[in-house]
Amino acid sequence: DPARSRRPNRHPRMIVAPRTADATARLPVTGRFRALSYSFIVETALPEVAELVADLLHDLQADDSDESLHRYALREERHDRPYAVSVDGTLIRRVATPLSLVDELLWHANREAIVTPDPRIAIHASAAVWDGRGFLFPAPANSGKTTLVTALLREGAEYVTDEAALLEPLRALVHPYPKPLWMAPGAVRAIGGLQERLRAEYRSLARIRAYVTPRTLGTTVARGPVGIDLVVFPSY
């Protein structure tokens, strides 16, 4: 399971002023999102966290008509690990920094998206559209799928997914899952000029991963199902 194997680390800090919060209080809604067939709301009173979540999940925004929304609450509380993320009222994890709080949200939502039942088939692959043609890159973890698709996006390809491709096998179509790309420091360095374009929180490459969005790369997300014209099995 790729989502389980890529648990976030918890090192650098996003510097914010100390706050306290009532764990039962309702929080402001940051946004409503849909990852594959998994729909969720994110709530937080931490402005820096809200801005980062809204930016990283911009391409997963959903309208208010989505049903069965799961509810993530991101809080700061009186605790030795003061930042807490919960879903539907159940605590997932406590962490030391706001950046780690966002890590936990993205990790958990991605895992739930992958395991949520869907009539289509999810495979471990990245995908992009280049000059109207769909490219699919199925491979195990650490094979270069994300690095390859990032390089294509830098050259103007449209983004489909970096990890989980949702297929309609009878029609040879892949549905976009435009989650933020998860890139290790070595992969960022392999893409010329990318490090300087990262958000300030990730630019030092001191963390196990940086998050990259299509907007960071100067491109857009493919809209609607994409036909598969070429399948490449990357190996690194």
# chains A, B, ... in the order shown; residues from 1 in each chain; ligands from 1

call {"tool": "closest_atom_pairs", "arguments": {"of": "region 42-152 of chain A", "to": "region 217-236 of chain A", "cutoff": "6 Å", "atoms": "only C-alpha atoms", "output": "Markdown table"}}
result
| residue | atom | partner | partner_atom | distance |
| --- | --- | --- | --- | --- |
| A:Arg133 | CA | A:Asp229 | CA | 5.8 |
| A:Gly134 | CA | A:Ile228 | CA | 4.6 |
| A:Phe135 | CA | A:Leu230 | CA | 5.0 |
| A:Leu136 | CA | A:Val231 | CA | 4.8 |
| A:Phe137 | CA | A:Val232 | CA | 5.0 |
| A:Pro138 | CA | A:Phe233 | CA | 5.6 |
| A:Ala139 | CA | A:Phe233 | CA | 5.9 |
| A:Ser143 | CA | A:Tyr236 | CA | 4.8 |
| A:Gly144 | CA | A:Tyr236 | CA | 5.9 |

call {"tool": "select_by_dssp", "arguments": {"residues": "region 38-175 of chain A", "states": "strand (DSSP E)", "output": "JSON, numbers by chain"}}
result
{"A": [38, 39, 40, 41, 42, 43, 44, 70, 71, 72, 73, 74, 75, 76, 83, 84, 85, 86, 87, 90, 91, 92, 93, 94, 95, 121, 122, 123, 124, 125, 126, 127, 128, 129, 130, 133, 134, 135, 136, 137, 138, 158, 159, 160, 161, 164, 165, 166, 167, 168, 173, 174, 175]}

call {"tool": "residues_around", "arguments": {"residues": "region 164-167 of chain A", "least_positions_apart": "2", "cutoff": "6 Å", "atoms": "only C-alpha atoms", "output": "VMD selection string"}}
result
chain A and resid 120 to 125 169 173 to 175

call {"tool": "write_last_selection", "arguments": {"atoms": "N, CA and C atoms", "output": "PDB file, in the first residue's frame"}}
result
ATOM      1  N   ARG A 120     -14.315   1.761 -10.344  1.00  0.00           N
ATOM      2  CA  ARG A 120     -13.140   1.777 -11.207  1.00  0.00           C
ATOM      3  C   ARG A 120     -11.964   1.101 -10.494  1.00  0.00           C
ATOM      4  N   ILE A 121     -10.882   0.893 -11.198  1.00  0.00           N
ATOM      5  CA  ILE A 121      -9.728   0.177 -10.667  1.00  0.00           C
ATOM      6  C   ILE A 121      -8.603   1.166 -10.391  1.00  0.00           C
ATOM      7  N   ALA A 122      -8.093   1.173  -9.169  1.00  0.00           N
ATOM      8  CA  ALA A 122      -6.964   2.032  -8.818  1.00  0.00           C
ATOM      9  C   ALA A 122      -5.675   1.231  -8.923  1.00  0.00           C
ATOM     10  N   ILE A 123      -4.706   1.749  -9.671  1.00  0.00           N
ATOM     11  CA  ILE A 123      -3.400   1.112  -9.775  1.00  0.00           C
ATOM     12  C   ILE A 123      -2.320   2.105  -9.347  1.00  0.00           C
ATOM     13  N   HIS A 124      -1.165   1.563  -8.953  1.00  0.00           N
ATOM     14  CA  HIS A 124      -0.055   2.408  -8.503  1.00  0.00           C
ATOM     15  C   HIS A 124       0.668   2.917  -9.736  1.00  0.00           C
ATOM     16  N   ALA A 125       0.365   4.162 -10.112  1.00  0.00           N
ATOM     17  CA  ALA A 125       0.913   4.727 -11.352  1.00  0.00           C
ATOM     18  C   ALA A 125       0.794   6.236 -11.317  1.00  0.00           C
ATOM     19  N   PRO A 169     -11.165   0.103 -17.229  1.00  0.00           N
ATOM     20  CA  PRO A 169     -10.419  -0.801 -18.118  1.00  0.00           C
ATOM     21  C   PRO A 169     -11.096  -1.065 -19.452  1.00  0.00           C
ATOM     22  N   LEU A 173      -9.586   4.370 -20.062  1.00  0.00           N
ATOM     23  CA  LEU A 173      -9.578   5.752 -19.589  1.00  0.00           C
ATOM     24  C   LEU A 173      -9.000   5.810 -18.181  1.00  0.00           C
ATOM     25  N   VAL A 174      -8.292   6.892 -17.868  1.00  0.00           N
ATOM     26  CA  VAL A 174      -7.814   7.145 -16.515  1.00  0.00           C
ATOM     27  C   VAL A 174      -8.407   8.467 -16.043  1.00  0.00           C
ATOM     28  N   HIS A 175      -8.932   8.462 -14.815  1.00  0.00           N
ATOM     29  CA  HIS A 175      -9.564   9.647 -14.245  1.00  0.00           C
ATOM     30  C   HIS A 175      -8.549  10.435 -13.419  1.00  0.00           C
TER      31      HIS A 175
END

call {"tool": "closest_residue", "arguments": {"among": "A:Leu205, A:Leu170, A:Leu46, A:Val160", "to": "Glu77 (chain A)", "atoms": "only C-alpha atoms"}}
result
A:Leu46

call {"tool": "closest_atom_pairs", "arguments": {"of": "region 64-107 of chain A", "to": "region 29-43 of chain A", "cutoff": "6 Å", "atoms": "only C-alpha atoms", "output": "JSON lines"}}
result
{"residue": "A:Leu69", "atom": "CA", "partner": "A:Phe40", "partner_atom": "CA", "distance": 4.6}
{"residue": "A:His70", "atom": "CA", "partner": "A:Phe40", "partner_atom": "CA", "distance": 4.3}
{"residue": "A:Arg71", "atom": "CA", "partner": "A:Ile41", "partner_atom": "CA", "distance": 4.8}
{"residue": "A:Tyr72", "atom": "CA", "partner": "A:Val42", "partner_atom": "CA", "distance": 4.8}
{"residue": "A:Ala73", "atom": "CA", "partner": "A:Glu43", "partner_atom": "CA", "distance": 4.9}

call {"tool": "write_last_selection", "arguments": {"atoms": "all heavy atoms", "output": "PDB file, in the first residue's frame"}}
result
ATOM      1  N   LEU A  69     -19.713  13.599   3.576  1.00  0.00           N
ATOM      2  CA  LEU A  69     -18.443  14.262   3.805  1.00  0.00           C
ATOM      3  C   LEU A  69     -17.852  13.842   5.144  1.00  0.00           C
ATOM      4  O   LEU A  69     -18.524  13.881   6.173  1.00  0.00           O
ATOM      5  CB  LEU A  69     -18.637  15.777   3.799  1.00  0.00           C
ATOM      6  CG  LEU A  69     -18.961  16.437   2.459  1.00  0.00           C
ATOM      7  CD1 LEU A  69     -19.308  17.898   2.673  1.00  0.00           C
ATOM      8  CD2 LEU A  69     -17.814  16.300   1.496  1.00  0.00           C
ATOM      9  N   HIS A  70     -16.590  13.451   5.120  1.00  0.00           N
ATOM     10  CA  HIS A  70     -15.856  13.239   6.362  1.00  0.00           C
ATOM     11  C   HIS A  70     -15.286  14.586   6.808  1.00  0.00           C
ATOM     12  O   HIS A  70     -15.005  15.457   5.990  1.00  0.00           O
ATOM     13  CB  HIS A  70     -14.757  12.203   6.154  1.00  0.00           C
ATOM     14  CG  HIS A  70     -15.296  10.858   5.780  1.00  0.00           C
ATOM     15  ND1 HIS A  70     -15.758   9.958   6.710  1.00  0.00           N
ATOM     16  CD2 HIS A  70     -15.461  10.276   4.565  1.00  0.00           C
ATOM     17  CE1 HIS A  70     -16.185   8.865   6.087  1.00  0.00           C
ATOM     18  NE2 HIS A  70     -16.020   9.042   4.791  1.00  0.00           N
ATOM     19  N   ARG A  71     -15.101  14.732   8.116  1.00  0.00           N
ATOM     20  CA  ARG A  71     -14.750  16.034   8.664  1.00  0.00           C
ATOM     21  C   ARG A  71     -13.421  15.939   9.416  1.00  0.00           C
ATOM     22  O   ARG A  71     -13.329  15.243  10.428  1.00  0.00           O
ATOM     23  CB  ARG A  71     -15.863  16.523   9.600  1.00  0.00           C
ATOM     24  CG  ARG A  71     -15.711  17.967  10.062  1.00  0.00           C
ATOM     25  CD  ARG A  71     -16.918  18.380  10.881  1.00  0.00           C
ATOM     26  NE  ARG A  71     -18.148  18.324  10.110  1.00  0.00           N
ATOM     27  CZ  ARG A  71     -18.618  19.318   9.363  1.00  0.00           C
ATOM     28  NH1 ARG A  71     -17.961  20.457   9.289  1.00  0.00           N
ATOM     29  NH2 ARG A  71     -19.748  19.183   8.693  1.00  0.00           N
ATOM     30  N   TYR A  72     -12.397  16.624   8.888  1.00  0.00           N
ATOM     31  CA  TYR A  72     -11.100  16.710   9.555  1.00  0.00           C
ATOM     32  C   TYR A  72     -11.038  17.999  10.360  1.00  0.00           C
ATOM     33  O   TYR A  72     -11.366  19.071   9.839  1.00  0.00           O
ATOM     34  CB  TYR A  72      -9.959  16.707   8.539  1.00  0.00           C
ATOM     35  CG  TYR A  72      -9.721  15.383   7.873  1.00  0.00           C
ATOM     36  CD1 TYR A  72     -10.403  15.038   6.714  1.00  0.00           C
ATOM     37  CD2 TYR A  72      -8.808  14.464   8.403  1.00  0.00           C
ATOM     38  CE1 TYR A  72     -10.196  13.817   6.097  1.00  0.00           C
ATOM     39  CE2 TYR A  72      -8.584  13.242   7.787  1.00  0.00           C
ATOM     40  CZ  TYR A  72      -9.280  12.928   6.634  1.00  0.00           C
ATOM     41  OH  TYR A  72      -9.065  11.705   6.023  1.00  0.00           O
ATOM     42  N   ALA A  73     -10.585  17.889  11.609  1.00  0.00           N
ATOM     43  CA  ALA A  73     -10.380  19.060  12.463  1.00  0.00           C
ATOM     44  C   ALA A  73      -8.902  19.137  12.816  1.00  0.00           C
ATOM     45  O   ALA A  73      -8.320  18.168  13.326  1.00  0.00           O
ATOM     46  CB  ALA A  73     -11.222  18.960  13.728  1.00  0.00           C
TER      47      ALA A  73
END

call {"tool": "atom_distance", "arguments": {"atom1": "CA of Ala187 (chain A)", "atom2": "CA of Thr147 (chain A)"}}
result
5.8 Å

call {"tool": "closest_atom_pairs", "arguments": {"of": "region 54-160 of chain A", "to": "region 190-197 of chain A", "cutoff": "10 Å", "atoms": "only C-alpha atoms", "output": "Markdown table"}}
result
| residue | atom | partner | partner_atom | distance |
| --- | --- | --- | --- | --- |
| A:Thr147 | CA | A:Ile191 | CA | 7.7 |
| A:Leu148 | CA | A:Ile191 | CA | 9.4 |
| A:Thr150 | CA | A:Ile191 | CA | 7.8 |
| A:Ala151 | CA | A:Ile191 | CA | 6.5 |
| A:Arg154 | CA | A:Ile191 | CA | 8.5 |

call {"tool": "write_last_selection", "arguments": {"atoms": "all heavy atoms", "output": "compact mmCIF listing (two decimals), in the first residue's frame"}}
result
# COMPACT_ATOMS: atom_id res chain seq x y z
N THR A 147 8.96 11.67 -10.28
CA THR A 147 10.01 12.48 -10.91
C THR A 147 9.77 12.59 -12.41
O THR A 147 9.89 13.67 -13.00
CB THR A 147 11.39 11.86 -10.63
OG1 THR A 147 11.56 11.67 -9.23
CG2 THR A 147 12.50 12.76 -11.15
N LEU A 148 9.41 11.48 -13.03
CA LEU A 148 9.17 11.48 -14.47
C LEU A 148 7.98 12.37 -14.84
O LEU A 148 8.06 13.19 -15.76
CB LEU A 148 8.92 10.04 -14.95
CG LEU A 148 8.62 9.84 -16.44
CD1 LEU A 148 9.72 10.41 -17.30
CD2 LEU A 148 8.42 8.35 -16.73
N THR A 150 6.75 14.80 -13.10
CA THR A 150 7.08 16.19 -12.79
C THR A 150 7.88 16.82 -13.91
O THR A 150 7.63 17.98 -14.30
CB THR A 150 7.87 16.27 -11.47
OG1 THR A 150 7.08 15.71 -10.41
CG2 THR A 150 8.21 17.72 -11.12
N ALA A 151 8.84 16.07 -14.45
CA ALA A 151 9.63 16.60 -15.56
C ALA A 151 8.74 16.90 -16.77
O ALA A 151 8.92 17.91 -17.45
CB ALA A 151 10.71 15.60 -15.94
N ARG A 154 6.81 20.11 -16.11
CA ARG A 154 7.65 21.29 -16.30
C ARG A 154 7.75 21.68 -17.77
O ARG A 154 7.96 22.84 -18.11
CB ARG A 154 9.07 21.02 -15.77
CG ARG A 154 9.24 21.20 -14.28
CD ARG A 154 9.03 22.62 -13.83
NE ARG A 154 9.86 23.59 -14.53
CZ ARG A 154 11.09 23.92 -14.20
NH1 ARG A 154 11.65 23.37 -13.13
NH2 ARG A 154 11.75 24.82 -14.89

call {"tool": "select_by_dssp", "arguments": {"residues": "region 65-137 of chain A", "states": "helix (DSSP H, G or I)", "output": "MDAnalysis selection string"}}
result
chainID A and resid 98:115

call {"tool": "atom_distance", "arguments": {"atom1": "CA of Val149 (chain A)", "atom2": "CA of Pro185 (chain A)"}}
result
15.8 Å

call {"tool": "atom_distance", "arguments": {"atom1": "CA of Ile114 (chain A)", "atom2": "CA of Arg199 (chain A)"}}
result
26.3 Å

call {"tool": "residues_around", "arguments": {"residues": "Glu163 (chain A)", "least_positions_apart": "5", "cutoff": "9 Å", "atoms": "only C-alpha atoms", "output": "JSON, numbers by chain"}}
result
{"A": [2, 123, 124, 125, 126, 127, 138, 141, 145, 146, 177, 179, 181, 182]}

call {"tool": "residues_around", "arguments": {"residues": "region 85-94 of chain A", "least_positions_apart": "6", "cutoff": "12 Å", "atoms": "only C-alpha atoms", "output": "PyMOL selection string"}}
result
chain A and resi 8+10+23-26+40-44+49+68-79+100-109+112

call {"tool": "closest_residue", "arguments": {"among": "A:Asn142, A:Glu201, A:Asp118, A:Ala157", "to": "Gly186 (chain A)", "atoms": "only C-alpha atoms"}}
result
A:Asn142

call {"tool": "closest_residue", "arguments": {"among": "A:Gly156, A:Gln61, A:Pro214, A:Arg203", "to": "Arg189 (chain A)", "atoms": "only C-alpha atoms"}}
result
A:Arg203
